[in-house]
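Chemist: Structure file input-v2.pdb (PDB, N, CA and C atoms) is given on the next line.
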```pdb
ATOM      1  N   MET A   1     -23.084  46.738  13.843
ATOM      2  CA  MET A   1     -22.887  47.210  12.480
ATOM      3  C   MET A   1     -23.221  46.077  11.504
ATOM      4  N   THR A   2     -24.011  46.377  10.507
ATOM      5  CA  THR A   2     -24.395  45.385   9.507
ATOM      6  C   THR A   2     -23.287  45.224   8.477
ATOM      7  N   PRO A   3     -22.903  43.968   8.180
ATOM      8  CA  PRO A   3     -21.847  43.786   7.174
ATOM      9  C   PRO A   3     -22.330  44.205   5.795
ATOM     10  N   ARG A   4     -21.408  44.735   5.016
ATOM     11  CA  ARG A   4     -21.735  45.129   3.644
ATOM     12  C   ARG A   4     -21.916  43.892   2.781
ATOM     13  N   PRO A   5     -22.889  43.928   1.876
ATOM     14  CA  PRO A   5     -23.009  42.794   0.964
ATOM     15  C   PRO A   5     -21.807  42.734   0.028
ATOM     16  N   THR A   6     -21.444  41.540  -0.354
ATOM     17  CA  THR A   6     -20.329  41.399  -1.287
ATOM     18  C   THR A   6     -20.791  41.784  -2.685
ATOM     19  N   PRO A   7     -19.881  42.212  -3.543
ATOM     20  CA  PRO A   7     -20.279  42.602  -4.887
ATOM     21  C   PRO A   7     -20.811  41.398  -5.667
ATOM     22  N   PRO A   8     -21.593  41.655  -6.722
ATOM     23  CA  PRO A   8     -22.116  40.558  -7.535
ATOM     24  C   PRO A   8     -20.991  39.665  -8.049
ATOM     25  N   ALA A   9     -21.313  38.418  -8.240
ATOM     26  CA  ALA A   9     -20.314  37.426  -8.648
ATOM     27  C   ALA A   9     -20.107  37.430 -10.155
ATOM     28  N   GLN A  10     -19.828  38.584 -10.719
ATOM     29  CA  GLN A  10     -19.667  38.689 -12.168
ATOM     30  C   GLN A  10     -18.429  37.960 -12.669
ATOM     31  N   ALA A  11     -17.397  37.881 -11.852
ATOM     32  CA  ALA A  11     -16.160  37.239 -12.298
ATOM     33  C   ALA A  11     -16.188  35.729 -12.030
ATOM     34  N   LEU A  12     -17.201  35.248 -11.334
ATOM     35  CA  LEU A  12     -17.292  33.836 -10.999
ATOM     36  C   LEU A  12     -18.125  33.096 -12.045
ATOM     37  N   ASP A  13     -17.843  31.811 -12.188
ATOM     38  CA  ASP A  13     -18.629  30.988 -13.091
ATOM     39  C   ASP A  13     -19.926  30.578 -12.406
ATOM     40  N   ALA A  14     -21.024  30.628 -13.146
ATOM     41  CA  ALA A  14     -22.299  30.140 -12.638
ATOM     42  C   ALA A  14     -22.389  28.654 -12.983
ATOM     43  N   HIS A  15     -22.711  27.851 -12.001
ATOM     44  CA  HIS A  15     -22.769  26.405 -12.204
ATOM     45  C   HIS A  15     -24.213  25.970 -12.427
ATOM     46  N   PRO A  16     -24.482  25.179 -13.460
ATOM     47  CA  PRO A  16     -25.847  24.756 -13.749
ATOM     48  C   PRO A  16     -26.352  23.651 -12.818
ATOM     49  N   GLU A  17     -25.458  22.975 -12.131
ATOM     50  CA  GLU A  17     -25.855  21.895 -11.227
ATOM     51  C   GLU A  17     -25.559  22.298  -9.785
ATOM     52  N   PRO A  18     -26.459  21.985  -8.857
ATOM     53  CA  PRO A  18     -26.202  22.314  -7.449
ATOM     54  C   PRO A  18     -25.144  21.390  -6.855
ATOM     55  N   PRO A  19     -24.512  21.826  -5.771
ATOM     56  CA  PRO A  19     -23.532  20.958  -5.115
ATOM     57  C   PRO A  19     -24.236  19.806  -4.404
ATOM     58  N   ARG A  20     -23.459  18.817  -4.039
ATOM     59  CA  ARG A  20     -23.964  17.682  -3.276
ATOM     60  C   ARG A  20     -24.129  18.130  -1.822
ATOM     61  N   VAL A  21     -25.229  17.731  -1.196
ATOM     62  CA  VAL A  21     -25.504  18.100   0.195
ATOM     63  C   VAL A  21     -25.808  16.825   0.969
ATOM     64  N   VAL A  22     -25.078  16.623   2.081
ATOM     65  CA  VAL A  22     -25.203  15.395   2.864
ATOM     66  C   VAL A  22     -25.249  15.742   4.348
ATOM     67  N   ALA A  23     -26.121  15.054   5.090
ATOM     68  CA  ALA A  23     -26.134  15.168   6.551
ATOM     69  C   ALA A  23     -25.245  14.069   7.109
ATOM     70  N   LEU A  24     -24.303  14.452   7.952
ATOM     71  CA  LEU A  24     -23.367  13.478   8.512
ATOM     72  C   LEU A  24     -22.967  13.900   9.923
ATOM     73  N   ASN A  25     -23.194  13.033  10.872
ATOM     74  CA  ASN A  25     -22.804  13.288  12.265
ATOM     75  C   ASN A  25     -23.367  14.593  12.816
ATOM     76  N   GLY A  26     -24.598  14.912  12.470
ATOM     77  CA  GLY A  26     -25.247  16.110  12.994
ATOM     78  C   GLY A  26     -24.826  17.406  12.335
ATOM     79  N   GLU A  27     -24.122  17.323  11.214
ATOM     80  CA  GLU A  27     -23.710  18.504  10.458
ATOM     81  C   GLU A  27     -24.132  18.334   9.006
ATOM     82  N   VAL A  28     -24.082  19.410   8.256
ATOM     83  CA  VAL A  28     -24.457  19.396   6.848
ATOM     84  C   VAL A  28     -23.216  19.690   6.014
ATOM     85  N   LEU A  29     -22.874  18.740   5.152
ATOM     86  CA  LEU A  29     -21.705  18.888   4.286
ATOM     87  C   LEU A  29     -22.170  19.296   2.895
ATOM     88  N   VAL A  30     -21.527  20.306   2.332
ATOM     89  CA  VAL A  30     -21.834  20.797   0.987
ATOM     90  C   VAL A  30     -20.553  20.672   0.167
ATOM     91  N   SER A  31     -20.659  19.979  -0.969
ATOM     92  CA  SER A  31     -19.471  19.720  -1.777
ATOM     93  C   SER A  31     -19.821  19.795  -3.252
ATOM     94  N   GLY A  32     -19.075  20.594  -3.977
ATOM     95  CA  GLY A  32     -19.301  20.710  -5.411
ATOM     96  C   GLY A  32     -18.395  21.754  -6.005
ATOM     97  N   PRO A  33     -18.645  22.114  -7.269
ATOM     98  CA  PRO A  33     -17.815  23.133  -7.918
ATOM     99  C   PRO A  33     -17.837  24.443  -7.131
ATOM    100  N   GLY A  34     -16.681  24.882  -6.708
ATOM    101  CA  GLY A  34     -16.571  26.168  -6.034
ATOM    102  C   GLY A  34     -16.945  26.175  -4.565
ATOM    103  N   VAL A  35     -17.310  25.029  -3.996
ATOM    104  CA  VAL A  35     -17.692  25.016  -2.581
ATOM    105  C   VAL A  35     -17.320  23.689  -1.925
ATOM    106  N   GLU A  36     -16.733  23.802  -0.765
ATOM    107  CA  GLU A  36     -16.457  22.678   0.132
ATOM    108  C   GLU A  36     -16.681  23.236   1.525
ATOM    109  N   ALA A  37     -17.792  22.880   2.159
ATOM    110  CA  ALA A  37     -18.100  23.484   3.449
ATOM    111  C   ALA A  37     -18.868  22.518   4.336
ATOM    112  N   VAL A  38     -18.749  22.740   5.651
ATOM    113  CA  VAL A  38     -19.502  22.000   6.647
ATOM    114  C   VAL A  38     -20.253  23.030   7.491
ATOM    115  N   TYR A  39     -21.556  22.822   7.671
ATOM    116  CA  TYR A  39     -22.392  23.766   8.408
ATOM    117  C   TYR A  39     -23.071  23.076   9.577
ATOM    118  N   THR A  40     -23.332  23.847  10.627
ATOM    119  CA  THR A  40     -24.204  23.360  11.685
ATOM    120  C   THR A  40     -25.614  23.299  11.110
ATOM    121  N   VAL A  41     -26.504  22.619  11.803
ATOM    122  CA  VAL A  41     -27.891  22.534  11.350
ATOM    123  C   VAL A  41     -28.502  23.933  11.227
ATOM    124  N   GLU A  42     -28.251  24.770  12.214
ATOM    125  CA  GLU A  42     -28.818  26.126  12.211
ATOM    126  C   GLU A  42     -28.284  26.949  11.044
ATOM    127  N   ALA A  43     -26.986  26.856  10.803
ATOM    128  CA  ALA A  43     -26.392  27.611   9.696
ATOM    129  C   ALA A  43     -26.902  27.090   8.352
ATOM    130  N   ALA A  44     -27.076  25.788   8.235
ATOM    131  CA  ALA A  44     -27.592  25.220   6.988
ATOM    132  C   ALA A  44     -29.016  25.702   6.720
ATOM    133  N   ARG A  45     -29.824  25.768   7.765
ATOM    134  CA  ARG A  45     -31.200  26.275   7.591
ATOM    135  C   ARG A  45     -31.186  27.745   7.166
ATOM    136  N   ALA A  46     -30.332  28.546   7.781
ATOM    137  CA  ALA A  46     -30.235  29.957   7.405
ATOM    138  C   ALA A  46     -29.745  30.103   5.967
ATOM    139  N   LEU A  47     -28.756  29.297   5.585
ATOM    140  CA  LEU A  47     -28.240  29.338   4.217
ATOM    141  C   LEU A  47     -29.327  28.958   3.223
ATOM    142  N   SER A  48     -30.100  27.939   3.546
ATOM    143  CA  SER A  48     -31.187  27.502   2.672
ATOM    144  C   SER A  48     -32.180  28.642   2.440
ATOM    145  N   CYS A  49     -32.531  29.341   3.500
ATOM    146  CA  CYS A  49     -33.463  30.469   3.396
ATOM    147  C   CYS A  49     -32.873  31.586   2.533
ATOM    148  N   ARG A  50     -31.602  31.891   2.746
ATOM    149  CA  ARG A  50     -30.942  32.949   1.976
ATOM    150  C   ARG A  50     -30.813  32.574   0.496
ATOM    151  N   LEU A  51     -30.494  31.312   0.230
ATOM    152  CA  LEU A  51     -30.398  30.855  -1.157
ATOM    153  C   LEU A  51     -31.749  30.943  -1.854
ATOM    154  N   ASP A  52     -32.814  30.534  -1.152
ATOM    155  CA  ASP A  52     -34.154  30.592  -1.726
ATOM    156  C   ASP A  52     -34.538  32.037  -2.044
ATOM    157  N   HIS A  53     -34.249  32.937  -1.119
ATOM    158  CA  HIS A  53     -34.557  34.358  -1.330
ATOM    159  C   HIS A  53     -33.758  34.923  -2.519
ATOM    160  N   ALA A  54     -32.457  34.631  -2.560
ATOM    161  CA  ALA A  54     -31.611  35.142  -3.643
ATOM    162  C   ALA A  54     -32.022  34.551  -4.994
ATOM    163  N   ALA A  55     -32.420  33.276  -5.004
ATOM    164  CA  ALA A  55     -32.866  32.661  -6.256
ATOM    165  C   ALA A  55     -34.137  33.339  -6.765
ATOM    166  N   GLY A  56     -35.027  33.681  -5.855
ATOM    167  CA  GLY A  56     -36.237  34.404  -6.252
ATOM    168  C   GLY A  56     -35.910  35.769  -6.844
ATOM    169  N   LEU A  57     -34.988  36.489  -6.216
ATOM    170  CA  LEU A  57     -34.574  37.791  -6.743
ATOM    171  C   LEU A  57     -33.894  37.641  -8.110
ATOM    172  N   ALA A  58     -33.075  36.608  -8.262
ATOM    173  CA  ALA A  58     -32.396  36.386  -9.544
ATOM    174  C   ALA A  58     -33.409  36.087 -10.651
ATOM    175  N   ASP A  59     -34.464  35.323 -10.321
ATOM    176  CA  ASP A  59     -35.525  35.070 -11.303
ATOM    177  C   ASP A  59     -36.174  36.378 -11.759
ATOM    178  N   ILE A  60     -36.468  37.233 -10.808
ATOM    179  CA  ILE A  60     -37.086  38.527 -11.131
ATOM    180  C   ILE A  60     -36.148  39.359 -12.000
ATOM    181  N   GLN A  61     -34.858  39.373 -11.663
ATOM    182  CA  GLN A  61     -33.882  40.140 -12.443
ATOM    183  C   GLN A  61     -33.812  39.640 -13.878
ATOM    184  N   ARG A  62     -33.840  38.317 -14.056
ATOM    185  CA  ARG A  62     -33.788  37.762 -15.417
ATOM    186  C   ARG A  62     -35.034  38.135 -16.209
ATOM    187  N   LEU A  63     -36.171  38.155 -15.539
ATOM    188  CA  LEU A  63     -37.416  38.458 -16.229
ATOM    189  C   LEU A  63     -37.561  39.944 -16.561
ATOM    190  N   THR A  64     -36.956  40.802 -15.755
ATOM    191  CA  THR A  64     -37.104  42.240 -15.979
ATOM    192  C   THR A  64     -35.922  42.873 -16.679
ATOM    193  N   GLU A  65     -34.897  42.083 -16.989
ATOM    194  CA  GLU A  65     -33.709  42.606 -17.664
ATOM    195  C   GLU A  65     -34.059  42.927 -19.111
ATOM    196  N   PRO A  66     -33.803  44.154 -19.554
ATOM    197  CA  PRO A  66     -34.113  44.489 -20.948
ATOM    198  C   PRO A  66     -33.223  43.696 -21.924
ATOM    199  N   SER A  67     -33.816  43.306 -23.003
ATOM    200  CA  SER A  67     -33.044  42.594 -24.027
ATOM    201  C   SER A  67     -32.668  43.550 -25.139
ATOM    202  N   CYS A  68     -31.833  43.108 -26.051
ATOM    203  CA  CYS A  68     -31.408  43.939 -27.181
ATOM    204  C   CYS A  68     -32.586  44.260 -28.102
ATOM    205  N   ASP A  69     -33.608  43.426 -28.077
ATOM    206  CA  ASP A  69     -34.790  43.639 -28.927
ATOM    207  C   ASP A  69     -35.700  44.741 -28.415
ATOM    208  N   ASP A  70     -35.495  45.201 -27.189
ATOM    209  CA  ASP A  70     -36.375  46.201 -26.577
ATOM    210  C   ASP A  70     -36.020  47.633 -26.966
ATOM    211  N   SER A  71     -35.096  47.837 -27.879
ATOM    212  CA  SER A  71     -34.680  49.203 -28.193
ATOM    213  C   SER A  71     -35.654  49.922 -29.072
TER     214      SER A  71
END
```
Before anything else, please render the file you have as structure tokens.

Modeler:
Amino acid sequence: MTPRPTPPAQALDAHPEPPRVVALNGEVLVSGPGVEAVYTVEAARALSCRLDHAAGLADIQRLTEPSCDDS
């Protein structure tokens, strides 16, 4: 069974700066506003791919979102 996607992060703050990412002892540590996590190499690579894909979709959404001037 495929997990359901979580709802959009409308109630969360969007951070303009990315978290700090460090490789340590064969793991990837991510630390910053709203995130403190340690990933295996494989999970970090998968996360990187998912973030890149989601960022591309977010760019498209921003570009195609109607503005108040379009009425």

Chemist: Find the residue from A:Leu24, A:His15, A:His53, A:Thr64 that sits nearest to Thr40 in chain A; use only C-alpha atoms when measuring.

Modeler: A:Leu24

Chemist: Taking the DSSP secondary structure from the backbone, can you list the residues of range 9-68 of chain A that are helix (DSSP H, G or I), as a list in words?

Modeler: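 Across range 9-68 of chain A, those assigned helix (DSSP H, G or I) are Val41, Glu42, Ala43, Ala44, Arg45, Ala46, Leu47, Ser48, Cys49, Arg50, Leu51, Asp52, His53, Ala54, Ala55, Gly56, Leu57, Ala58, Asp59, Ile60, Gln61, Arg62, Leu63, Thr64 and Cys68 of chain A.
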
Chemist: Write a file of the just-selected residues containing N, CA and C atoms, as a compact mmCIF listing (two decimals), keeping the file's coordinate frame.

Modeler:
```
# COMPACT_ATOMS: atom_id res chain seq x y z
N VAL A 41 -26.50 22.62 11.80
CA VAL A 41 -27.89 22.53 11.35
C VAL A 41 -28.50 23.93 11.23
N GLU A 42 -28.25 24.77 12.21
CA GLU A 42 -28.82 26.13 12.21
C GLU A 42 -28.28 26.95 11.04
N ALA A 43 -26.99 26.86 10.80
CA ALA A 43 -26.39 27.61 9.70
C ALA A 43 -26.90 27.09 8.35
N ALA A 44 -27.08 25.79 8.24
CA ALA A 44 -27.59 25.22 6.99
C ALA A 44 -29.02 25.70 6.72
N ARG A 45 -29.82 25.77 7.76
CA ARG A 45 -31.20 26.28 7.59
C ARG A 45 -31.19 27.74 7.17
N ALA A 46 -30.33 28.55 7.78
CA ALA A 46 -30.24 29.96 7.40
C ALA A 46 -29.74 30.10 5.97
N LEU A 47 -28.76 29.30 5.58
CA LEU A 47 -28.24 29.34 4.22
C LEU A 47 -29.33 28.96 3.22
N SER A 48 -30.10 27.94 3.55
CA SER A 48 -31.19 27.50 2.67
C SER A 48 -32.18 28.64 2.44
N CYS A 49 -32.53 29.34 3.50
CA CYS A 49 -33.46 30.47 3.40
C CYS A 49 -32.87 31.59 2.53
N ARG A 50 -31.60 31.89 2.75
CA ARG A 50 -30.94 32.95 1.98
C ARG A 50 -30.81 32.57 0.50
N LEU A 51 -30.49 31.31 0.23
CA LEU A 51 -30.40 30.86 -1.16
C LEU A 51 -31.75 30.94 -1.85
N ASP A 52 -32.81 30.53 -1.15
CA ASP A 52 -34.15 30.59 -1.73
C ASP A 52 -34.54 32.04 -2.04
N HIS A 53 -34.25 32.94 -1.12
CA HIS A 53 -34.56 34.36 -1.33
C HIS A 53 -33.76 34.92 -2.52
N ALA A 54 -32.46 34.63 -2.56
CA ALA A 54 -31.61 35.14 -3.64
C ALA A 54 -32.02 34.55 -4.99
N ALA A 55 -32.42 33.28 -5.00
CA ALA A 55 -32.87 32.66 -6.26
C ALA A 55 -34.14 33.34 -6.76
N GLY A 56 -35.03 33.68 -5.86
CA GLY A 56 -36.24 34.40 -6.25
C GLY A 56 -35.91 35.77 -6.84
N LEU A 57 -34.99 36.49 -6.22
CA LEU A 57 -34.57 37.79 -6.74
C LEU A 57 -33.89 37.64 -8.11
N ALA A 58 -33.08 36.61 -8.26
CA ALA A 58 -32.40 36.39 -9.54
C ALA A 58 -33.41 36.09 -10.65
N ASP A 59 -34.46 35.32 -10.32
CA ASP A 59 -35.52 35.07 -11.30
C ASP A 59 -36.17 36.38 -11.76
N ILE A 60 -36.47 37.23 -10.81
CA ILE A 60 -37.09 38.53 -11.13
C ILE A 60 -36.15 39.36 -12.00
N GLN A 61 -34.86 39.37 -11.66
CA GLN A 61 -33.88 40.14 -12.44
C GLN A 61 -33.81 39.64 -13.88
N ARG A 62 -33.84 38.32 -14.06
CA ARG A 62 -33.79 37.76 -15.42
C ARG A 62 -35.03 38.14 -16.21
N LEU A 63 -36.17 38.16 -15.54
CA LEU A 63 -37.42 38.46 -16.23
C LEU A 63 -37.56 39.94 -16.56
N THR A 64 -36.96 40.80 -15.76
CA THR A 64 -37.10 42.24 -15.98
C THR A 64 -35.92 42.87 -16.68
N CYS A 68 -31.83 43.11 -26.05
CA CYS A 68 -31.41 43.94 -27.18
C CYS A 68 -32.59 44.26 -28.10
```

Chemist: Quick check for you: according to DSSP on this backbone, which residues of chain A are classed as strand (DSSP E or B)? Reply as a PyMOL selection string.

Modeler: chain A and resi 20-24+27-32+35-39

Chemist: Please, what distance in Å, to one decimal, runs between CA of Asn25 in chain A and CA of Ala55 in chain A?

Modeler: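 Taking CA of Asn25 in chain A as the start and CA of Ala55 in chain A as the end point, the length is 28.6 Å.
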
Chemist: Could you please determine the separation between CA of Ala58 in chain A and CA of Glu27 in chain A in Å, to one decimal place?

Modeler: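 Interatomic distance here is 28.2 Å.
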
Chemist: Hey, which of A:Cys68, A:Ala43, A:Leu57, A:Pro18 ends up closest to Ser31 in chain A? Count all atoms listed in the file.

Modeler: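 Checking each candidate against Ser31 in chain A, we get A:Pro18 as the closest.
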
Chemist: Give me, please, the distance in Å between CA of Val35 in chain A and CA of Arg62 in chain A, quoted to one decimal.

Modeler: 24.2 Å

Chemist: Which centre and which edge lengths, in Å to one decimal, describe the axis-aligned box that holds all listed atoms of range 16-25 of chain A after 8 Å is added on each side, as lines of an AutoDock Vina configuration file?

Modeler:
```
center_x = -24.6
center_y = 19.1
center_z = -0.5
size_x = 19.7
size_y = 28.1
size_z = 42.6
```

Chemist: Select range 28-40 of chain A in the preceding structure and write all heavy atoms to a file as a PDB file, in the first residue's frame.

Modeler:
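See decode00.pdb below for the written result:
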```pdb
ATOM      1  N   VAL A  28      24.772  11.216   7.259  1.00  0.00           N
ATOM      2  CA  VAL A  28      24.536  12.598   6.863  1.00  0.00           C
ATOM      3  C   VAL A  28      23.674  13.266   7.927  1.00  0.00           C
ATOM      4  O   VAL A  28      22.566  12.812   8.202  1.00  0.00           O
ATOM      5  CB  VAL A  28      23.850  12.680   5.478  1.00  0.00           C
ATOM      6  CG1 VAL A  28      23.592  14.115   5.091  1.00  0.00           C
ATOM      7  CG2 VAL A  28      24.706  11.982   4.426  1.00  0.00           C
ATOM      8  N   LEU A  29      24.219  14.322   8.517  1.00  0.00           N
ATOM      9  CA  LEU A  29      23.505  15.061   9.558  1.00  0.00           C
ATOM     10  C   LEU A  29      22.913  16.325   8.948  1.00  0.00           C
ATOM     11  O   LEU A  29      23.601  17.056   8.234  1.00  0.00           O
ATOM     12  CB  LEU A  29      24.456  15.460  10.687  1.00  0.00           C
ATOM     13  CG  LEU A  29      24.942  14.342  11.610  1.00  0.00           C
ATOM     14  CD1 LEU A  29      25.873  13.397  10.900  1.00  0.00           C
ATOM     15  CD2 LEU A  29      25.602  14.943  12.812  1.00  0.00           C
ATOM     16  N   VAL A  30      21.646  16.579   9.232  1.00  0.00           N
ATOM     17  CA  VAL A  30      20.943  17.768   8.749  1.00  0.00           C
ATOM     18  C   VAL A  30      20.457  18.527   9.980  1.00  0.00           C
ATOM     19  O   VAL A  30      19.761  17.973  10.821  1.00  0.00           O
ATOM     20  CB  VAL A  30      19.752  17.387   7.843  1.00  0.00           C
ATOM     21  CG1 VAL A  30      19.052  18.627   7.330  1.00  0.00           C
ATOM     22  CG2 VAL A  30      20.217  16.513   6.687  1.00  0.00           C
ATOM     23  N   SER A  31      20.832  19.805  10.057  1.00  0.00           N
ATOM     24  CA  SER A  31      20.501  20.592  11.242  1.00  0.00           C
ATOM     25  C   SER A  31      20.157  22.015  10.841  1.00  0.00           C
ATOM     26  O   SER A  31      20.916  22.676  10.130  1.00  0.00           O
ATOM     27  CB  SER A  31      21.696  20.593  12.192  1.00  0.00           C
ATOM     28  OG  SER A  31      21.439  21.396  13.305  1.00  0.00           O
ATOM     29  N   GLY A  32      19.011  22.474  11.283  1.00  0.00           N
ATOM     30  CA  GLY A  32      18.604  23.841  10.988  1.00  0.00           C
ATOM     31  C   GLY A  32      17.218  24.102  11.512  1.00  0.00           C
ATOM     32  O   GLY A  32      16.649  23.285  12.243  1.00  0.00           O
ATOM     33  N   PRO A  33      16.639  25.244  11.125  1.00  0.00           N
ATOM     34  CA  PRO A  33      15.284  25.569  11.582  1.00  0.00           C
ATOM     35  C   PRO A  33      14.293  24.477  11.184  1.00  0.00           C
ATOM     36  O   PRO A  33      14.173  24.130  10.017  1.00  0.00           O
ATOM     37  CB  PRO A  33      14.965  26.876  10.864  1.00  0.00           C
ATOM     38  CG  PRO A  33      16.261  27.414  10.384  1.00  0.00           C
ATOM     39  CD  PRO A  33      17.176  26.243  10.223  1.00  0.00           C
ATOM     40  N   GLY A  34      13.647  23.898  12.162  1.00  0.00           N
ATOM     41  CA  GLY A  34      12.608  22.914  11.892  1.00  0.00           C
ATOM     42  C   GLY A  34      13.094  21.513  11.580  1.00  0.00           C
ATOM     43  O   GLY A  34      12.288  20.637  11.300  1.00  0.00           O
ATOM     44  N   VAL A  35      14.403  21.273  11.602  1.00  0.00           N
ATOM     45  CA  VAL A  35      14.895  19.930  11.285  1.00  0.00           C
ATOM     46  C   VAL A  35      16.168  19.615  12.067  1.00  0.00           C
ATOM     47  O   VAL A  35      17.064  20.434  12.185  1.00  0.00           O
ATOM     48  CB  VAL A  35      15.143  19.747   9.767  1.00  0.00           C
ATOM     49  CG1 VAL A  35      16.232  20.667   9.261  1.00  0.00           C
ATOM     50  CG2 VAL A  35      15.487  18.319   9.426  1.00  0.00           C
ATOM     51  N   GLU A  36      16.185  18.436  12.626  1.00  0.00           N
ATOM     52  CA  GLU A  36      17.363  17.842  13.261  1.00  0.00           C
ATOM     53  C   GLU A  36      17.278  16.366  12.919  1.00  0.00           C
ATOM     54  O   GLU A  36      16.440  15.650  13.459  1.00  0.00           O
ATOM     55  CB  GLU A  36      17.340  18.032  14.786  1.00  0.00           C
ATOM     56  CG  GLU A  36      17.490  19.448  15.253  1.00  0.00           C
ATOM     57  CD  GLU A  36      18.890  20.022  15.017  1.00  0.00           C
ATOM     58  OE1 GLU A  36      19.879  19.252  15.025  1.00  0.00           O
ATOM     59  OE2 GLU A  36      18.982  21.239  14.827  1.00  0.00           O
ATOM     60  N   ALA A  37      18.106  15.901  11.991  1.00  0.00           N
ATOM     61  CA  ALA A  37      17.978  14.517  11.553  1.00  0.00           C
ATOM     62  C   ALA A  37      19.326  13.945  11.145  1.00  0.00           C
ATOM     63  O   ALA A  37      20.231  14.677  10.751  1.00  0.00           O
ATOM     64  CB  ALA A  37      17.006  14.430  10.377  1.00  0.00           C
ATOM     65  N   VAL A  38      19.426  12.613  11.231  1.00  0.00           N
ATOM     66  CA  VAL A  38      20.590  11.877  10.772  1.00  0.00           C
ATOM     67  C   VAL A  38      20.091  10.839   9.768  1.00  0.00           C
ATOM     68  O   VAL A  38      19.131  10.114  10.044  1.00  0.00           O
ATOM     69  CB  VAL A  38      21.307  11.174  11.948  1.00  0.00           C
ATOM     70  CG1 VAL A  38      22.510  10.392  11.445  1.00  0.00           C
ATOM     71  CG2 VAL A  38      21.716  12.184  13.003  1.00  0.00           C
ATOM     72  N   TYR A  39      20.724  10.783   8.598  1.00  0.00           N
ATOM     73  CA  TYR A  39      20.303   9.874   7.536  1.00  0.00           C
ATOM     74  C   TYR A  39      21.443   8.955   7.136  1.00  0.00           C
ATOM     75  O   TYR A  39      22.611   9.345   7.186  1.00  0.00           O
ATOM     76  CB  TYR A  39      19.878  10.671   6.285  1.00  0.00           C
ATOM     77  CG  TYR A  39      18.677  11.544   6.505  1.00  0.00           C
ATOM     78  CD1 TYR A  39      18.821  12.897   6.803  1.00  0.00           C
ATOM     79  CD2 TYR A  39      17.398  11.021   6.422  1.00  0.00           C
ATOM     80  CE1 TYR A  39      17.722  13.701   7.005  1.00  0.00           C
ATOM     81  CE2 TYR A  39      16.291  11.826   6.633  1.00  0.00           C
ATOM     82  CZ  TYR A  39      16.459  13.164   6.916  1.00  0.00           C
ATOM     83  OH  TYR A  39      15.371  13.946   7.126  1.00  0.00           O
ATOM     84  N   THR A  40      21.085   7.758   6.685  1.00  0.00           N
ATOM     85  CA  THR A  40      22.070   6.905   6.037  1.00  0.00           C
ATOM     86  C   THR A  40      22.406   7.547   4.696  1.00  0.00           C
ATOM     87  O   THR A  40      21.678   8.430   4.210  1.00  0.00           O
ATOM     88  CB  THR A  40      21.514   5.489   5.787  1.00  0.00           C
ATOM     89  OG1 THR A  40      20.409   5.586   4.887  1.00  0.00           O
ATOM     90  CG2 THR A  40      21.099   4.805   7.082  1.00  0.00           C
TER      91      THR A  40
END
```
